[in-house]
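To keep things clear, I will list the structure first and then write my remarks on it.
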Amino acid sequence: MTTAKDIMHPGARWIPSHETLDRAAQLMRELDVGALPIADADERLCGILTDRDIVVGCVAMGHDPAKVTAGEMAKGTPRWIDAGADVSAVLREMQGHQIRRLPVIENKRLIGMISEADLAQHLSEDQIAGWAERVYAESGMERLKRAGSMT
């Protein structure tokens, strides 16, 4: 059985919730990643910060990334997967919550991340196509709203 640990990108790093977004962006550049799990003071997952969050949720809103913290950007219930979970559980978690990055936890510690690239390397074309369809799907109502057909 292939597990989350088998397909993850090892060596993921937390960003403390008190750390500023400019520091988060620097760490993303250093690690060559587009997302960082956010940890609270007890090193518990409290969210995931993406490069898009920094740009759209901070910079484009006119906020100073040197003054906004990662914790302020953490929204919703953080999703994660146990290192021993099989690939079907990984896919269900990512599809069910329409997420593209998933932290992998072992013994209550972050040990890696699963991203689209990791899935592409380890899944069949049919599995990837099904995953992408579900993760990127939007409801008909959302498409209409986005198109301006509904207010």
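If you're wondering about the labels, chains in the structure tokens are A, B, ... by order shown, residues count from 1 in each chain, ligands from 1 in order shown.
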
Leaving out Ile7 in chain A and any residue of its chain fewer than 5 positions from it, which residues lie within 9 Å of it when counting only C-alpha atoms, given as a PyMOL selection string? chain A and resi 2+87+113-114+118-119+121-122

Grab the residues selected above and save them as a PDB file, in the first residue's frame with C-alpha atoms.
```
ATOM      1  CA  THR A   2       1.298   3.431  -0.976  1.00  0.00           C
ATOM      2  CA  VAL A  87      -3.345   7.348  -1.248  1.00  0.00           C
ATOM      3  CA  MET A 113       3.607  18.224   2.283  1.00  0.00           C
ATOM      4  CA  ILE A 114       1.692  16.690  -0.574  1.00  0.00           C
ATOM      5  CA  ASP A 118       3.693  15.014  -5.792  1.00  0.00           C
ATOM      6  CA  LEU A 119       0.399  13.544  -6.979  1.00  0.00           C
ATOM      7  CA  GLN A 121       4.622  11.851  -9.895  1.00  0.00           C
ATOM      8  CA  HIS A 122       2.860   9.020  -8.075  1.00  0.00           C
TER       9      HIS A 122
END
```

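If you count only C-alpha atoms and ignore residues fewer than 2 places along the chain from range 92-105 of chain A, what sits within 7 Å of it is Ala4, Arg79, Trp80, Ile81, Asp82, Ala83, Ser88, Ala89, Val90, Asn107, Lys108, Arg109, Leu110, Ile111, Gly112, Met113, Ile114, Ser115, Glu116, Trp131, Arg134, Val135 and Tyr136 of chain A.
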
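Our summary of the geometry notes that CA of Thr50 in chain A is positioned 26.2 Å from CA of Glu125 in chain A.
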
Please extract the residues of range 20-145 of chain A with a backbone DSSP assignment of strand (DSSP E or B) and present them as a PyMOL selection string. chain A and resi 20+35-39+45-50+69+81-82+86+102-106+109-114

Can I get the selected residues back with N, CA, C and O atoms, as a short mmCIF file (atom, residue, chain, number, x, y, z; two decimals), in the first residue's frame?
```
data_model
loop_
_atom_site.label_atom_id
_atom_site.label_comp_id
_atom_site.auth_asym_id
_atom_site.auth_seq_id
_atom_site.Cartn_x
_atom_site.Cartn_y
_atom_site.Cartn_z
N THR A 20 5.71 37.60 10.32
CA THR A 20 5.10 38.50 9.34
C THR A 20 5.11 37.88 7.94
O THR A 20 5.89 36.97 7.64
N ALA A 35 3.71 27.42 -0.52
CA ALA A 35 2.83 27.36 0.64
C ALA A 35 3.61 26.92 1.87
O ALA A 35 4.56 26.14 1.77
N LEU A 36 3.17 27.45 3.02
CA LEU A 36 3.77 27.06 4.30
C LEU A 36 2.66 26.78 5.30
O LEU A 36 1.75 27.59 5.46
N PRO A 37 2.76 25.66 6.01
CA PRO A 37 1.83 25.45 7.12
C PRO A 37 2.10 26.49 8.20
O PRO A 37 3.25 26.87 8.43
N ILE A 38 1.04 26.95 8.85
CA ILE A 38 1.16 27.93 9.93
C ILE A 38 1.01 27.19 11.25
O ILE A 38 0.05 26.43 11.43
N ALA A 39 1.94 27.42 12.17
CA ALA A 39 1.91 26.76 13.47
C ALA A 39 1.62 27.76 14.57
O ALA A 39 2.14 28.88 14.55
N LEU A 45 -0.96 22.81 13.91
CA LEU A 45 -1.36 23.38 12.64
C LEU A 45 -2.57 24.29 12.83
O LEU A 45 -3.58 23.88 13.39
N CYS A 46 -2.45 25.54 12.38
CA CYS A 46 -3.60 26.44 12.48
C CYS A 46 -3.98 27.02 11.13
O CYS A 46 -4.91 27.83 11.03
N GLY A 47 -3.29 26.61 10.08
CA GLY A 47 -3.64 27.05 8.74
C GLY A 47 -2.50 26.81 7.78
O GLY A 47 -1.46 26.28 8.14
N ILE A 48 -2.75 27.21 6.53
CA ILE A 48 -1.72 27.15 5.50
C ILE A 48 -1.70 28.50 4.81
O ILE A 48 -2.74 29.05 4.46
N LEU A 49 -0.52 29.03 4.62
CA LEU A 49 -0.32 30.31 3.97
C LEU A 49 0.24 30.06 2.58
O LEU A 49 1.25 29.35 2.45
N THR A 50 -0.39 30.62 1.56
CA THR A 50 0.12 30.47 0.20
C THR A 50 0.67 31.79 -0.31
O THR A 50 0.34 32.86 0.22
N THR A 69 0.56 39.35 10.08
CA THR A 69 1.16 38.07 10.47
C THR A 69 0.51 36.90 9.73
O THR A 69 -0.62 37.00 9.24
N ILE A 81 -3.13 15.21 6.84
CA ILE A 81 -3.28 13.75 6.69
C ILE A 81 -2.19 13.07 7.49
O ILE A 81 -1.07 13.58 7.61
N ASP A 82 -2.53 11.93 8.08
CA ASP A 82 -1.55 11.13 8.80
C ASP A 82 -0.59 10.48 7.80
O ASP A 82 -0.99 10.06 6.71
N ASP A 86 -3.43 5.84 3.38
CA ASP A 86 -3.18 5.41 2.00
C ASP A 86 -3.57 6.50 1.01
O ASP A 86 -4.20 7.49 1.36
N LEU A 102 -1.44 19.55 1.06
CA LEU A 102 -1.88 18.86 2.26
C LEU A 102 -0.68 18.53 3.15
O LEU A 102 0.20 17.77 2.74
N PRO A 103 -0.63 19.09 4.37
CA PRO A 103 0.45 18.74 5.29
C PRO A 103 0.35 17.27 5.72
O PRO A 103 -0.76 16.74 5.88
N VAL A 104 1.49 16.66 5.90
CA VAL A 104 1.56 15.27 6.36
C VAL A 104 2.13 15.29 7.77
O VAL A 104 3.19 15.86 8.02
N ILE A 105 1.38 14.65 8.69
CA ILE A 105 1.73 14.67 10.11
C ILE A 105 2.04 13.24 10.57
O ILE A 105 1.34 12.31 10.23
N GLU A 106 3.11 13.12 11.36
CA GLU A 106 3.47 11.84 11.96
C GLU A 106 3.86 12.11 13.41
O GLU A 106 4.70 12.98 13.68
N ARG A 109 3.82 15.68 14.51
CA ARG A 109 4.84 16.55 13.95
C ARG A 109 4.69 16.62 12.43
O ARG A 109 4.43 15.62 11.78
N LEU A 110 4.92 17.80 11.88
CA LEU A 110 4.92 17.99 10.44
C LEU A 110 6.15 17.31 9.86
O LEU A 110 7.26 17.60 10.28
N ILE A 111 5.94 16.42 8.88
CA ILE A 111 7.08 15.76 8.26
C ILE A 111 7.15 16.00 6.75
O ILE A 111 8.15 15.69 6.13
N GLY A 112 6.09 16.56 6.17
CA GLY A 112 6.11 16.80 4.74
C GLY A 112 4.83 17.44 4.25
O GLY A 112 3.91 17.70 5.03
N MET A 113 4.79 17.66 2.94
CA MET A 113 3.61 18.22 2.28
C MET A 113 3.35 17.42 1.02
O MET A 113 4.30 16.97 0.37
N ILE A 114 2.08 17.29 0.70
CA ILE A 114 1.69 16.69 -0.57
C ILE A 114 1.11 17.81 -1.42
O ILE A 114 0.21 18.53 -0.99
#
```

Out of A:Asp51, A:Asp32, A:Asp126, A:Glu133, which residue has the shortest atom-to-atom distance to Ala70 in chain A when counting only C-alpha atoms?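 Closest to Ala70 in chain A of all the choices is A:Asp51.
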
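Ranking A:Gly76, A:Gly57, A:Gly84, A:Gly71 by their shortest atom-to-atom distance to Pro16 in chain A, with only C-alpha atoms included, puts A:Gly71 first.
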
From the options A:Val68, A:Leu123, A:Leu21, A:Ala41, which residue's atoms come nearest to Asp6 in chain A, counting only C-alpha atoms?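 Ranked by minimum distance to Asp6 in chain A, first place goes to A:Leu123.
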
Within chain A, find each residue whose DSSP state, derived from the backbone, is alpha helix (DSSP H), and express the selection as a PyMOL selection string. chain A and resi 4-7+21-31+51-57+70-73+87-96+116-122+125-135+140-147

Would you please work out which residue, of A:Met73, A:Met61, A:Val55, A:Ala85, is nearest to Lys5 in chain A when using only C-alpha atoms?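 Using only C-alpha atoms, the shortest distance to Lys5 in chain A belongs to A:Ala85.
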
Taking 5 positions as the minimum chain separation for residues in the same chain, which residues sit within 9 Å of Pro65 in chain A when counting only C-alpha atoms? Answer as a PyMOL selection string. chain A and resi 20-23+25+54+58-59

Got time to write the residues from that selection, all heavy atoms, as a CSV table (one decimal), in the first residue's frame?
```
chain,number,residue,atom,x,y,z
A,20,THR,N,5.7,37.6,10.3
A,20,THR,CA,5.1,38.5,9.3
A,20,THR,C,5.1,37.9,7.9
A,20,THR,O,5.9,37.0,7.6
A,20,THR,CB,5.8,39.8,9.3
A,20,THR,OG1,7.2,39.6,9.0
A,20,THR,CG2,5.7,40.6,10.6
A,21,LEU,N,4.3,38.4,7.1
A,21,LEU,CA,4.1,37.9,5.7
A,21,LEU,C,5.4,38.2,4.9
A,21,LEU,O,5.7,37.4,4.0
A,21,LEU,CB,2.9,38.5,5.0
A,21,LEU,CG,1.6,38.1,5.7
A,21,LEU,CD1,0.4,38.6,4.8
A,21,LEU,CD2,1.4,36.6,6.0
A,22,ASP,N,6.1,39.3,5.1
A,22,ASP,CA,7.3,39.5,4.4
A,22,ASP,C,8.3,38.4,4.7
A,22,ASP,O,9.0,37.9,3.8
A,22,ASP,CB,7.9,40.9,4.6
A,22,ASP,CG,8.3,41.2,6.0
A,22,ASP,OD1,7.8,40.6,7.0
A,22,ASP,OD2,9.1,42.2,6.2
A,23,ARG,N,8.4,38.0,6.0
A,23,ARG,CA,9.3,36.9,6.4
A,23,ARG,C,8.8,35.6,5.8
A,23,ARG,O,9.6,34.8,5.3
A,23,ARG,CB,9.4,36.8,7.9
A,23,ARG,CG,10.2,35.6,8.4
A,23,ARG,CD,11.7,35.7,7.9
A,23,ARG,NE,12.4,34.5,8.2
A,23,ARG,CZ,13.1,33.8,7.3
A,23,ARG,NH1,13.2,34.3,6.0
A,23,ARG,NH2,13.6,32.7,7.6
A,25,ALA,N,7.2,35.2,2.9
A,25,ALA,CA,7.6,35.3,1.5
A,25,ALA,C,9.1,34.9,1.3
A,25,ALA,O,9.5,34.2,0.4
A,25,ALA,CB,7.3,36.6,0.9
A,54,ILE,N,-0.6,35.9,0.2
A,54,ILE,CA,0.1,37.1,0.5
A,54,ILE,C,-0.2,38.2,-0.5
A,54,ILE,O,-0.4,39.4,-0.2
A,54,ILE,CB,1.7,36.8,0.5
A,54,ILE,CG1,2.0,35.8,1.7
A,54,ILE,CG2,2.5,38.1,0.6
A,54,ILE,CD1,3.4,35.2,1.7
A,58,CYS,N,-3.2,40.4,1.1
A,58,CYS,CA,-2.5,41.4,1.8
A,58,CYS,C,-2.1,42.6,0.9
A,58,CYS,O,-2.6,43.7,1.0
A,58,CYS,CB,-1.2,40.8,2.5
A,58,CYS,SG,-0.2,42.0,3.4
A,59,VAL,N,-1.1,42.3,0.0
A,59,VAL,CA,-0.6,43.4,-0.9
A,59,VAL,C,-1.7,44.0,-1.7
A,59,VAL,O,-1.7,45.3,-1.8
A,59,VAL,CB,0.6,42.8,-1.8
A,59,VAL,CG1,1.1,43.9,-2.7
A,59,VAL,CG2,1.7,42.2,-0.9
```

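Using only C-alpha atoms, the shortest contact distance between Leu31 in chain A and any of A:His18, A:His9, A:Arg52, A:Arg44 is found at A:His9.
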
Just the number, please: distance in Å from CA of Ile15 in chain A to CA of Ala137 in chain A, one decimal. 29.4 Å

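Reported to one decimal place, the separation of CA of Met28 in chain A from CA of Ser124 in chain A is 29.0 Å.
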